[in-house]
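S.K.: So that we are looking at the same thing, I have put the structure below in structure tokens.
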Protein chains: 2
Amino acid sequence: MHGQAVVVGVGESEYYKHGRSPDTEFQLACTAIKNAAEDAGLELRQLDGLISYMDDRNSPLRIAAALGFDELSWSATPWAGGGNNSSATLQFADAAVCGGYANYVVGFRSLAQGQFYRLGAGTGVASGGGPPGLGWGLPYGLMTPAQECALHTKRWMHDHGVSQEALANISLACYANAQLNPRAVRYGQALTREDYHASRWIVEPFHLFDCCQENDGAAALIVTTPERAKDLPGKAVPILATAQGLGPEIGANAFQERWFPGMYYGNVGRMIWERAGVKPEDIDVLQLYENFTGPVVMALCEMGYCEPEEVEAFTGDGALEGPNARLPFNTSGGNLAEAYIHGLEMVVEAVRQSRGDSTCQVDDVNLSLAVGGPGYAPGSAVLFGPAS
Amino acid sequence: MHGQAVVVGVGESEYYKHGRSPDTEFQLACTAIKNAAEDAGLELRQLDGLISYMDDRNSPLRIAAALGFDELSWSATPWAGGGNNSSATLQFADAAVCGGYANYVVGFRSLAQGQFYRLGAGTGVASGGGPPGLGWGLPYGLMTPAQECALHTKRWMHDHGVSQEALANISLACYANAQLNPRAVRYGQALTREDYHASRWIVEPFHLFDCCQENDGAAALIVTTPERAKDLPGKAVPILATAQGLGPEIGANAFQERWFPGMYYGNVGRMIWERAGVKPEDIDVLQLYENFTGPVVMALCEMGYCEPEEVEAFTGDGALEGPNARLPFNTSGGNLAEAYIHGLEMVVEAVRQSRGDSTCQVDDVNLSLAVGGPGYAPGSAVLFGPAS
């Protein structure tokens, strides 16, 4: 029903282990946006839309004033969730541009976990507008995202006879791909299966290396119309389809026995395949959000890549590792091994794959998919076509 | 560039003085949405999009679970601001529907100031993602929204020789129109010019009756495509154009001397007139957000209705009062005299005017405009055409 928006610029700050950034979170945001504008060949004053995550601390008013926008005509965030906000951010940029509401829309995420608080730390408070999943789990002793996801994963593994090796396959793929990517915080820190199994439990079934990092950094993308992109020097990557989706297992309903074993990617999977008219096997390269490995394994099944009983084989034998993988996957190292910029760095990587400038570049990329999650808000997805 | 979305249902809770609601804020939200769905002839399970204000406490996950949505496929809020979120909410519903991202999108606001905190109370904290205007003003002793808006207004009145009567005209119009509206919290409490001038100062130039109320209540609207609307029993009100807009006076820049006297409706005014191809004098009925009367007076000038030196005459002699006013204005009583549901109740009234079922119904409404503000986020506007 709508036109086709394109990504014309991507930008990032340097990525740091949490607490290591010499710049403030706000400076990191500005750096990523400035780099994206430079990449696009745009002046900062031309930017006129800002989208970030619902809890981003870097107000659009401060950003627009600091960078000298002539006008701000689209200012939005997804509502609820966390990692799902990554691809949802691109959906809103697509909506803004296709609807003619703004001309050059920035989606960004700046997250300095070393300067504020660690998302992975336990909380005693369920915020009203924020992801209330933890609030619902607290009475049952679930104090952190890792504990919450572990319980879903453990039950699902039990139901389907999935072993720890499936989780290991995800972690090893991310770490292997990060060894090709000098931006990755885990660059130069290769991981073996023995290292993986020997690492400490965070919460079963999650070892240390099943968990995303906690980082300081920022990432940004700029979206405009194909017509405006013609006047810009670089490549334009079309947004073929976007989706947010979550079914009746929403919110506290996920604690019902019938819905508990899962991570709720079924709706967003169905939507993105239907809207783009493609199937999982048509995707050339996949960036799949990993706060923890367990949700990735469940997502592959829920989105139709394979059955739960097949997922160990589907992900095994290096099937996800490197540019020539059976399924090229999290090619920058993802949240686990590049940096946890809450998944937006994975959307940047999806664009790089379409442009042909990844450090783990897949040949002849036609369809590049980035999926945000997990399930305490609608899952999200954005599908990019080949750059032109 | 995009298709045309339509409003097919509106709903409200009862409106209360703050602290008087027997229902929780969450129950109020559900009531307004249920009433809107009933008005539209939709089942609750069919609703699949939720938009509210950025600080709304009623999570989309809780709403969707409680009301039994089959699927949630659009979940968004404006970013920053407060009152501007009213018409911006409709822009996002328009975007969701025109882009094909969701089918039946709810925009709602539930605000029980009696159960949480009063927005008008002083604050010592500038929230990161929230409207940081107060944070910037705190070092200068501006502790409340009333103090902040008063300073802008006072300087602007001084610069242009505008007297207190212009502010009185706004308040009197809202109170007069509320006397026709049994839903209005101020129904049965007529206001005279003598009452107005005799009321206590909150902060000069704002008397008590220059300030919006603090209420408990909720309002909701449902947006879909014209095609889907054909299968519904009621009237469909087309969204002709929407806008968010704020210029370089954004954020802390507003404290610069060149920009301080004003309320920053110029950009959103230009946008809505250009996008719809209409002029201020084409508008049949106007709902203009009043947290305080001062911003309304400035907005009328900034949006092109008149010059500052003319605004006393433009608003005087009952020019804004009743269905046969020179400029029919805040016909339900608005934030001042119907209820302060953060301006979303004024968008509901704009739809009522297009449908012909206001308690202060203007004849032959062709163009009905609702404008959200004020300036600490992009101003917003939504223009409705005649119902069909």
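Order determines the names: the first chain of the structure tokens is A, the second B, and so forth; residues in each chain are numbered 1 upward, and ligands are numbered 1 upward as they are shown.
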Matching every Cα in sequence order between the two identical chains, what are the coordinates of chain B once fitted onto chain A? Write them as a compact mmCIF listing (two decimals) with C-alpha atoms, in the first residue's frame.
M.R.:
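The result, stored in part-v4.txt:
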# COMPACT_ATOMS: atom_id res chain seq x y z
CA MET B 1 -0.01 0.10 0.00
CA HIS B 2 2.93 2.41 0.50
CA GLY B 3 5.99 3.60 -1.35
CA GLN B 4 9.47 2.40 -0.77
CA ALA B 5 11.90 4.06 1.57
CA VAL B 6 15.66 3.58 1.37
CA VAL B 7 18.54 3.68 3.82
CA VAL B 8 21.13 6.15 2.58
CA GLY B 9 23.52 6.32 5.49
CA VAL B 10 24.73 4.38 8.49
CA GLY B 11 26.99 5.49 11.30
CA GLU B 12 28.40 4.23 14.53
CA SER B 13 30.52 5.39 17.41
CA GLU B 14 33.38 3.25 18.52
CA TYR B 15 32.04 0.35 20.57
CA TYR B 16 33.36 -0.14 24.13
CA LYS B 17 33.09 -2.52 27.00
CA HIS B 18 30.69 -0.90 29.48
CA GLY B 19 32.33 1.90 31.39
CA ARG B 20 35.14 2.37 28.87
CA SER B 21 33.66 5.13 26.70
CA PRO B 22 35.49 8.44 27.14
CA ASP B 23 32.40 10.18 25.72
CA THR B 24 29.00 10.64 27.33
CA GLU B 25 26.02 8.71 26.04
CA PHE B 26 24.75 11.94 24.45
CA GLN B 27 28.07 12.50 22.69
CA LEU B 28 27.99 8.91 21.44
CA ALA B 29 24.52 9.54 19.99
CA CYS B 30 25.68 12.69 18.22
CA THR B 31 28.76 10.92 16.87
CA ALA B 32 26.75 8.07 15.38
CA ILE B 33 24.28 10.47 13.76
CA LYS B 34 27.06 12.70 12.40
CA ASN B 35 28.80 9.66 10.95
CA ALA B 36 25.54 8.50 9.35
CA ALA B 37 24.95 11.94 7.82
CA GLU B 38 28.50 12.02 6.49
CA ASP B 39 28.02 8.53 5.07
CA ALA B 40 24.84 9.72 3.35
CA GLY B 41 26.33 12.98 2.08
CA LEU B 42 23.78 15.03 4.01
CA GLU B 43 24.22 18.15 6.09
CA LEU B 44 23.04 17.79 9.66
CA ARG B 45 20.60 20.67 9.26
CA GLN B 46 18.73 18.64 6.61
CA LEU B 47 17.81 15.87 9.04
CA ASP B 48 14.21 16.29 10.20
CA GLY B 49 13.10 13.09 11.91
CA LEU B 50 14.31 11.30 15.03
CA ILE B 51 13.36 7.83 16.23
CA SER B 52 14.95 5.93 19.05
CA TYR B 53 14.07 3.32 21.67
CA MET B 54 11.34 4.04 24.17
CA ASP B 55 13.74 4.48 27.08
CA ASP B 56 16.46 6.39 25.25
CA ARG B 57 17.83 9.12 27.49
CA ASN B 58 18.96 11.39 24.68
CA SER B 59 15.99 13.64 24.06
CA PRO B 60 15.15 14.47 20.44
CA LEU B 61 15.05 18.13 21.49
CA ARG B 62 18.63 18.03 22.71
CA ILE B 63 19.77 16.09 19.65
CA ALA B 64 18.06 18.43 17.19
CA ALA B 65 19.37 21.53 18.99
CA ALA B 66 22.89 20.20 19.35
CA LEU B 67 23.17 19.11 15.72
CA GLY B 68 21.37 22.15 14.31
CA PHE B 69 18.37 20.66 12.56
CA ASP B 70 16.40 23.27 10.58
CA GLU B 71 13.18 21.54 11.61
CA LEU B 72 12.01 18.46 13.47
CA SER B 73 8.89 17.01 11.87
CA TRP B 74 8.80 13.40 13.07
CA SER B 75 9.64 12.31 16.59
CA ALA B 76 8.64 8.80 17.68
CA THR B 77 9.57 5.68 19.58
CA PRO B 78 8.23 2.17 19.71
CA TRP B 79 6.10 1.60 22.79
CA ALA B 80 7.20 -1.16 25.20
CA GLY B 81 9.96 -3.66 24.76
CA GLY B 82 13.66 -3.34 24.30
CA GLY B 83 15.40 -5.33 21.62
CA ASN B 84 12.29 -5.31 19.46
CA ASN B 85 12.75 -1.57 19.15
CA SER B 86 15.65 -2.15 16.72
CA SER B 87 13.76 -3.16 13.58
CA ALA B 88 10.63 -1.30 14.78
CA THR B 89 12.71 1.88 14.61
CA LEU B 90 13.18 1.23 10.90
CA GLN B 91 9.46 0.57 10.47
CA PHE B 92 8.71 4.03 11.86
CA ALA B 93 11.34 5.62 9.63
CA ASP B 94 9.76 3.83 6.67
CA ALA B 95 6.33 5.10 7.76
CA ALA B 96 7.55 8.67 8.16
CA VAL B 97 9.18 8.79 4.76
CA CYS B 98 6.53 6.87 2.82
CA GLY B 99 3.80 9.00 4.38
CA GLY B 100 5.57 12.21 3.45
CA TYR B 101 5.74 13.33 7.08
CA ALA B 102 9.50 13.92 7.03
CA ASN B 103 12.33 13.86 4.51
CA TYR B 104 15.48 12.52 6.19
CA VAL B 105 14.67 10.43 9.22
CA VAL B 106 17.26 9.19 11.68
CA GLY B 107 16.83 5.99 13.64
CA PHE B 108 19.42 5.73 16.38
CA ARG B 109 20.25 4.05 19.67
CA SER B 110 22.79 5.27 22.16
CA LEU B 111 23.41 3.13 25.17
CA ALA B 112 26.19 3.68 27.66
CA GLN B 113 25.54 1.00 30.22
CA GLY B 114 28.71 2.05 32.00
CA GLN B 115 27.31 5.54 32.68
CA PHE B 116 23.82 4.70 33.89
CA TYR B 117 22.77 1.20 34.90
CA ARG B 118 23.26 -2.25 33.48
CA LEU B 119 20.18 -3.56 31.71
CA GLY B 120 21.10 -7.04 32.89
CA ALA B 121 21.09 -6.10 36.55
CA GLY B 122 18.17 -7.11 38.68
CA THR B 123 15.32 -4.69 39.15
CA GLY B 124 12.67 -4.30 41.80
CA VAL B 125 10.59 -1.91 39.78
CA ALA B 126 8.26 -2.54 36.85
CA SER B 127 8.01 0.75 34.99
CA GLY B 128 4.57 1.73 33.77
CA GLY B 129 5.29 2.37 30.13
CA GLY B 130 8.30 0.09 29.94
CA PRO B 131 8.54 -3.61 29.45
CA PRO B 132 6.57 -4.99 32.37
CA GLY B 133 7.65 -8.57 31.87
CA LEU B 134 10.10 -8.37 34.73
CA GLY B 135 7.42 -6.93 36.98
CA TRP B 136 5.20 -9.91 36.30
CA GLY B 137 8.04 -12.35 36.97
CA LEU B 138 9.34 -10.76 40.17
CA PRO B 139 6.84 -12.52 42.45
CA TYR B 140 8.24 -15.80 41.13
CA GLY B 141 11.85 -14.86 41.77
CA LEU B 142 12.75 -13.83 38.22
CA MET B 143 14.93 -10.80 38.85
CA THR B 144 16.78 -10.34 35.55
CA PRO B 145 16.14 -10.71 31.81
CA ALA B 146 18.53 -13.68 31.82
CA GLN B 147 16.47 -15.51 34.44
CA GLU B 148 13.25 -14.82 32.58
CA CYS B 149 14.55 -15.96 29.19
CA ALA B 150 16.25 -18.98 30.75
CA LEU B 151 12.98 -20.30 32.09
CA HIS B 152 11.23 -20.03 28.71
CA THR B 153 14.23 -21.64 27.03
CA LYS B 154 14.65 -24.48 29.52
CA ARG B 155 11.03 -25.55 29.23
CA TRP B 156 11.13 -25.34 25.44
CA MET B 157 14.35 -27.42 25.30
CA HIS B 158 12.75 -29.99 27.57
CA ASP B 159 9.58 -30.18 25.48
CA HIS B 160 11.48 -30.67 22.23
CA GLY B 161 14.55 -32.59 23.33
CA VAL B 162 16.96 -29.81 22.34
CA SER B 163 20.42 -30.00 23.92
CA GLN B 164 22.89 -27.36 25.04
CA GLU B 165 24.77 -27.76 21.73
CA ALA B 166 22.09 -25.78 19.90
CA LEU B 167 22.77 -22.80 22.16
CA ALA B 168 26.50 -23.28 21.77
CA ASN B 169 26.12 -23.18 17.99
CA ILE B 170 24.66 -19.65 18.17
CA SER B 171 27.35 -18.34 20.46
CA LEU B 172 30.17 -19.88 18.44
CA ALA B 173 28.83 -18.40 15.20
CA CYS B 174 28.69 -14.89 16.67
CA TYR B 175 32.20 -15.16 18.08
CA ALA B 176 33.59 -16.64 14.86
CA ASN B 177 32.11 -13.83 12.77
CA ALA B 178 33.35 -11.18 15.19
CA GLN B 179 36.93 -12.35 14.55
CA LEU B 180 36.56 -10.87 11.04
CA ASN B 181 35.29 -7.54 12.38
CA PRO B 182 37.79 -5.10 13.91
CA ARG B 183 34.92 -2.97 15.32
CA ALA B 184 33.79 -5.90 17.45
CA VAL B 185 34.50 -5.60 21.15
CA ARG B 186 35.30 -9.35 21.10
CA TYR B 187 37.61 -9.06 18.08
CA GLY B 188 40.74 -11.04 18.79
CA GLN B 189 39.01 -13.15 21.42
CA ALA B 190 38.13 -16.35 19.57
CA LEU B 191 35.86 -18.80 21.35
CA THR B 192 36.06 -22.60 21.22
CA ARG B 193 33.33 -25.07 22.07
CA GLU B 194 35.43 -26.14 25.04
CA ASP B 195 35.68 -22.52 26.26
CA TYR B 196 31.92 -22.22 25.89
CA HIS B 197 31.11 -25.28 27.96
CA ALA B 198 33.73 -24.45 30.57
CA SER B 199 32.41 -20.92 31.14
CA ARG B 200 30.40 -20.25 34.26
CA TRP B 201 26.65 -20.48 34.43
CA ILE B 202 24.81 -17.18 34.57
CA VAL B 203 21.52 -19.01 34.89
CA GLU B 204 20.97 -22.46 33.40
CA PRO B 205 20.82 -23.09 30.46
CA PHE B 206 22.83 -19.89 29.84
CA HIS B 207 26.59 -19.94 30.21
CA LEU B 208 28.47 -16.65 30.23
CA PHE B 209 28.87 -16.87 26.45
CA ASP B 210 25.14 -17.33 25.88
CA CYS B 211 24.60 -13.79 27.12
CA CYS B 212 24.96 -10.54 25.22
CA GLN B 213 27.61 -8.10 26.30
CA GLU B 214 27.01 -4.85 28.16
CA ASN B 215 28.53 -2.02 26.15
CA ASP B 216 28.82 1.69 25.57
CA GLY B 217 28.17 2.90 22.03
CA ALA B 218 25.72 4.25 19.50
CA ALA B 219 24.46 3.37 16.03
CA ALA B 220 22.34 5.31 13.55
CA LEU B 221 20.70 4.93 10.14
CA ILE B 222 19.19 7.56 7.85
CA VAL B 223 16.10 6.84 5.75
CA THR B 224 14.67 8.85 2.87
CA THR B 225 12.76 8.41 -0.39
CA PRO B 226 14.30 6.87 -3.52
CA GLU B 227 13.76 10.20 -5.29
CA ARG B 228 15.80 12.13 -2.72
CA ALA B 229 18.40 9.36 -2.65
CA LYS B 230 19.17 9.97 -6.32
CA ASP B 231 20.76 13.29 -5.36
CA LEU B 232 23.03 11.65 -2.80
CA PRO B 233 26.45 10.21 -3.59
CA GLY B 234 26.22 6.80 -1.93
CA LYS B 235 24.26 3.60 -2.29
CA ALA B 236 20.59 3.38 -1.35
CA VAL B 237 19.30 0.22 0.31
CA PRO B 238 15.55 -0.31 -0.15
CA ILE B 239 13.31 -1.30 2.75
CA LEU B 240 11.21 -4.04 1.15
CA ALA B 241 8.99 -4.78 4.14
CA THR B 242 8.74 -4.22 7.87
CA ALA B 243 6.69 -5.80 10.64
CA GLN B 244 5.85 -5.68 14.30
CA GLY B 245 3.82 -8.61 15.59
CA LEU B 246 2.80 -10.42 18.73
CA GLY B 247 -0.18 -12.70 19.28
CA PRO B 248 -2.44 -13.50 22.23
CA GLU B 249 0.53 -14.72 24.29
CA ILE B 250 1.17 -11.04 24.95
CA GLY B 251 2.28 -9.68 28.30
CA ALA B 252 1.32 -11.65 31.39
CA ASN B 253 -0.44 -14.18 29.14
CA ALA B 254 3.00 -15.58 28.33
CA PHE B 255 3.03 -17.11 31.80
CA GLN B 256 0.16 -19.42 30.86
CA GLU B 257 1.33 -22.99 30.45
CA ARG B 258 0.18 -23.26 26.82
CA TRP B 259 2.27 -20.26 25.82
CA PHE B 260 5.21 -20.36 28.22
CA PRO B 261 7.63 -22.47 26.12
CA GLY B 262 8.49 -20.08 23.32
CA MET B 263 9.77 -16.65 22.40
CA TYR B 264 6.84 -15.38 20.30
CA TYR B 265 8.41 -14.74 16.90
CA GLY B 266 5.61 -16.54 15.07
CA ASN B 267 3.54 -13.48 14.27
CA VAL B 268 6.38 -11.29 13.09
CA GLY B 269 7.69 -14.18 10.99
CA ARG B 270 4.34 -14.72 9.27
CA MET B 271 3.97 -11.00 8.64
CA ILE B 272 7.37 -10.38 7.11
CA TRP B 273 7.14 -13.42 4.82
CA GLU B 274 3.63 -12.46 3.69
CA ARG B 275 4.37 -8.78 3.19
CA ALA B 276 7.54 -9.42 1.20
CA GLY B 277 6.22 -12.51 -0.58
CA VAL B 278 9.30 -14.53 0.36
CA LYS B 279 10.16 -17.62 2.40
CA PRO B 280 12.85 -18.17 5.06
CA GLU B 281 15.06 -20.01 2.59
CA ASP B 282 15.04 -16.96 0.28
CA ILE B 283 16.94 -14.87 2.82
CA ASP B 284 20.61 -14.49 1.93
CA VAL B 285 21.81 -13.17 5.28
CA LEU B 286 20.07 -12.98 8.64
CA GLN B 287 20.72 -10.76 11.66
CA LEU B 288 18.74 -12.24 14.54
CA TYR B 289 18.69 -10.41 17.88
CA GLU B 290 20.41 -12.27 20.69
CA ASN B 291 20.03 -10.97 24.18
CA PHE B 292 20.65 -14.65 24.93
CA THR B 293 21.17 -17.62 22.64
CA GLY B 294 18.00 -19.42 23.72
CA PRO B 295 15.60 -16.96 22.12
CA VAL B 296 17.57 -17.21 18.86
CA VAL B 297 17.11 -20.98 18.73
CA MET B 298 13.40 -20.63 19.42
CA ALA B 299 13.07 -17.79 16.91
CA LEU B 300 14.60 -19.87 14.11
CA CYS B 301 11.89 -22.45 14.70
CA GLU B 302 9.03 -20.02 15.23
CA MET B 303 9.92 -18.10 12.07
CA GLY B 304 9.84 -21.26 9.99
CA TYR B 305 13.51 -22.05 9.38
CA CYS B 306 13.24 -25.51 10.89
CA GLU B 307 11.39 -27.65 13.41
CA PRO B 308 12.56 -27.66 17.03
CA GLU B 309 13.66 -31.27 16.65
CA GLU B 310 15.88 -30.23 13.71
CA VAL B 311 17.42 -27.09 15.18
CA GLU B 312 20.59 -28.72 16.50
CA ALA B 313 21.42 -30.08 13.05
CA PHE B 314 20.22 -26.87 11.38
CA THR B 315 22.65 -24.76 13.40
CA GLY B 316 25.44 -27.34 13.76
CA ASP B 317 28.69 -28.06 11.92
CA GLY B 318 29.42 -24.35 11.44
CA ALA B 319 26.18 -23.83 9.55
CA LEU B 320 25.97 -20.22 10.74
CA GLU B 321 29.65 -19.27 10.65
CA GLY B 322 31.37 -17.05 8.12
CA PRO B 323 30.36 -15.51 4.80
CA ASN B 324 29.90 -18.88 3.13
CA ALA B 325 27.70 -20.36 5.85
CA ARG B 326 24.63 -22.41 4.97
CA LEU B 327 22.72 -19.55 6.60
CA PRO B 328 24.94 -16.47 6.95
CA PHE B 329 24.00 -15.20 10.40
CA ASN B 330 24.92 -12.29 12.70
CA THR B 331 27.79 -11.53 10.41
CA SER B 332 29.24 -8.69 12.48
CA GLY B 333 29.23 -10.75 15.65
CA GLY B 334 25.89 -9.43 16.86
CA ASN B 335 25.00 -8.45 20.41
CA LEU B 336 27.10 -11.32 21.75
CA ALA B 337 30.40 -10.47 20.15
CA GLU B 338 30.32 -7.18 18.21
CA ALA B 339 28.53 -4.93 20.72
CA TYR B 340 25.20 -4.71 22.46
CA ILE B 341 23.77 -1.54 21.02
CA HIS B 342 20.40 -3.10 21.70
CA GLY B 343 20.25 -4.67 18.25
CA LEU B 344 20.43 -1.50 16.20
CA GLU B 345 24.03 -2.33 15.31
CA MET B 346 22.61 -5.48 13.70
CA VAL B 347 20.31 -3.42 11.49
CA VAL B 348 23.39 -1.43 10.44
CA GLU B 349 25.09 -4.73 9.59
CA ALA B 350 22.07 -5.84 7.55
CA VAL B 351 22.42 -2.63 5.50
CA ARG B 352 26.15 -3.24 5.10
CA GLN B 353 25.43 -6.69 3.69
CA SER B 354 23.07 -5.13 1.12
CA ARG B 355 25.75 -2.58 0.21
CA GLY B 356 28.51 -5.16 0.02
CA ASP B 357 30.76 -3.69 2.68
CA SER B 358 30.53 -6.09 5.61
CA THR B 359 33.68 -7.54 7.13
CA CYS B 360 31.98 -10.91 6.65
CA GLN B 361 30.48 -10.13 3.26
CA VAL B 362 28.13 -12.66 1.72
CA ASP B 363 28.22 -12.91 -2.07
CA ASP B 364 25.35 -11.57 -4.17
CA VAL B 365 23.07 -10.46 -1.34
CA ASN B 366 19.55 -10.01 -2.63
CA LEU B 367 17.60 -10.20 0.63
CA SER B 368 19.05 -9.10 3.97
CA LEU B 369 16.85 -9.48 7.06
CA ALA B 370 17.20 -8.01 10.57
CA VAL B 371 14.88 -9.27 13.28
CA GLY B 372 14.42 -7.64 16.69
CA GLY B 373 13.13 -9.34 19.78
CA PRO B 374 12.26 -10.89 22.08
CA GLY B 375 8.68 -11.30 23.11
CA TYR B 376 7.73 -8.76 25.78
CA ALA B 377 6.72 -6.42 23.04
CA PRO B 378 5.80 -7.18 19.45
CA GLY B 379 8.77 -8.75 17.68
CA SER B 380 10.00 -6.68 14.76
CA ALA B 381 11.64 -7.24 11.42
CA VAL B 382 12.99 -5.23 8.52
CA LEU B 383 13.85 -6.72 5.14
CA PHE B 384 16.32 -4.95 2.87
CA GLY B 385 16.78 -5.46 -0.85
CA PRO B 386 19.97 -5.01 -2.87
CA ALA B 387 21.59 -1.58 -2.86
CA SER B 388 21.52 0.58 -5.95
S.K.: Assign secondary structure with DSSP using the backbone only, and return the residues of segment 137-335 of chain B in strand (DSSP E or B) as a PDB file with C-alpha atoms, in the first residue's frame.
M.R.:
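And here is the file that came out, selection-v3.pdb:
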ATOM      1  CA  TRP B 201      -3.191  34.558  40.214  1.00  0.00           C
ATOM      2  CA  ILE B 202      -1.463  31.237  39.660  1.00  0.00           C
ATOM      3  CA  VAL B 203       1.470  33.015  38.062  1.00  0.00           C
ATOM      4  CA  PHE B 206      -2.294  33.483  34.379  1.00  0.00           C
ATOM      5  CA  HIS B 207      -5.317  33.655  36.638  1.00  0.00           C
ATOM      6  CA  CYS B 211      -5.069  27.214  33.518  1.00  0.00           C
ATOM      7  CA  ASN B 215      -8.640  15.502  35.758  1.00  0.00           C
ATOM      8  CA  ASP B 216      -9.107  11.763  35.737  1.00  0.00           C
ATOM      9  CA  GLY B 217     -10.358  10.236  32.503  1.00  0.00           C
ATOM     10  CA  ALA B 218      -9.551   8.615  29.191  1.00  0.00           C
ATOM     11  CA  ALA B 219     -10.299   9.152  25.511  1.00  0.00           C
ATOM     12  CA  ALA B 220      -9.733   6.952  22.470  1.00  0.00           C
ATOM     13  CA  LEU B 221     -10.108   7.001  18.688  1.00  0.00           C
ATOM     14  CA  ILE B 222      -9.943   4.143  16.184  1.00  0.00           C
ATOM     15  CA  VAL B 223      -8.419   4.606  12.726  1.00  0.00           C
ATOM     16  CA  THR B 224      -8.649   2.312   9.712  1.00  0.00           C
ATOM     17  CA  VAL B 237     -14.140  10.799   9.193  1.00  0.00           C
ATOM     18  CA  PRO B 238     -11.190  11.201   6.807  1.00  0.00           C
ATOM     19  CA  ILE B 239      -7.796  12.377   8.024  1.00  0.00           C
ATOM     20  CA  LEU B 240      -6.901  14.921   5.337  1.00  0.00           C
ATOM     21  CA  ALA B 241      -3.468  15.862   6.657  1.00  0.00           C
ATOM     22  CA  THR B 242      -1.304  15.628   9.747  1.00  0.00           C
ATOM     23  CA  ALA B 243       1.847  17.387  10.889  1.00  0.00           C
ATOM     24  CA  GLN B 244       4.464  17.570  13.578  1.00  0.00           C
ATOM     25  CA  GLY B 245       6.798  20.544  13.369  1.00  0.00           C
ATOM     26  CA  LEU B 246       9.261  22.601  15.349  1.00  0.00           C
ATOM     27  CA  VAL B 285     -14.036  24.630  13.560  1.00  0.00           C
ATOM     28  CA  LEU B 286     -10.796  24.689  15.524  1.00  0.00           C
ATOM     29  CA  GLN B 287      -9.723  22.760  18.628  1.00  0.00           C
ATOM     30  CA  LEU B 288      -6.571  24.430  19.916  1.00  0.00           C
ATOM     31  CA  PHE B 292      -2.862  27.786  29.524  1.00  0.00           C
ATOM     32  CA  PHE B 329     -13.293  27.147  18.871  1.00  0.00           C
TER      33      PHE B 329
END
S.K.: Assign secondary structure with DSSP using the backbone only, and return the residues of segment 101-318 of chain B in alpha helix (DSSP H) as a ChimeraX atom specification.
M.R.: /B:133-137,145-160,164-178,193-198,226-229,266-276,293-302,311-315
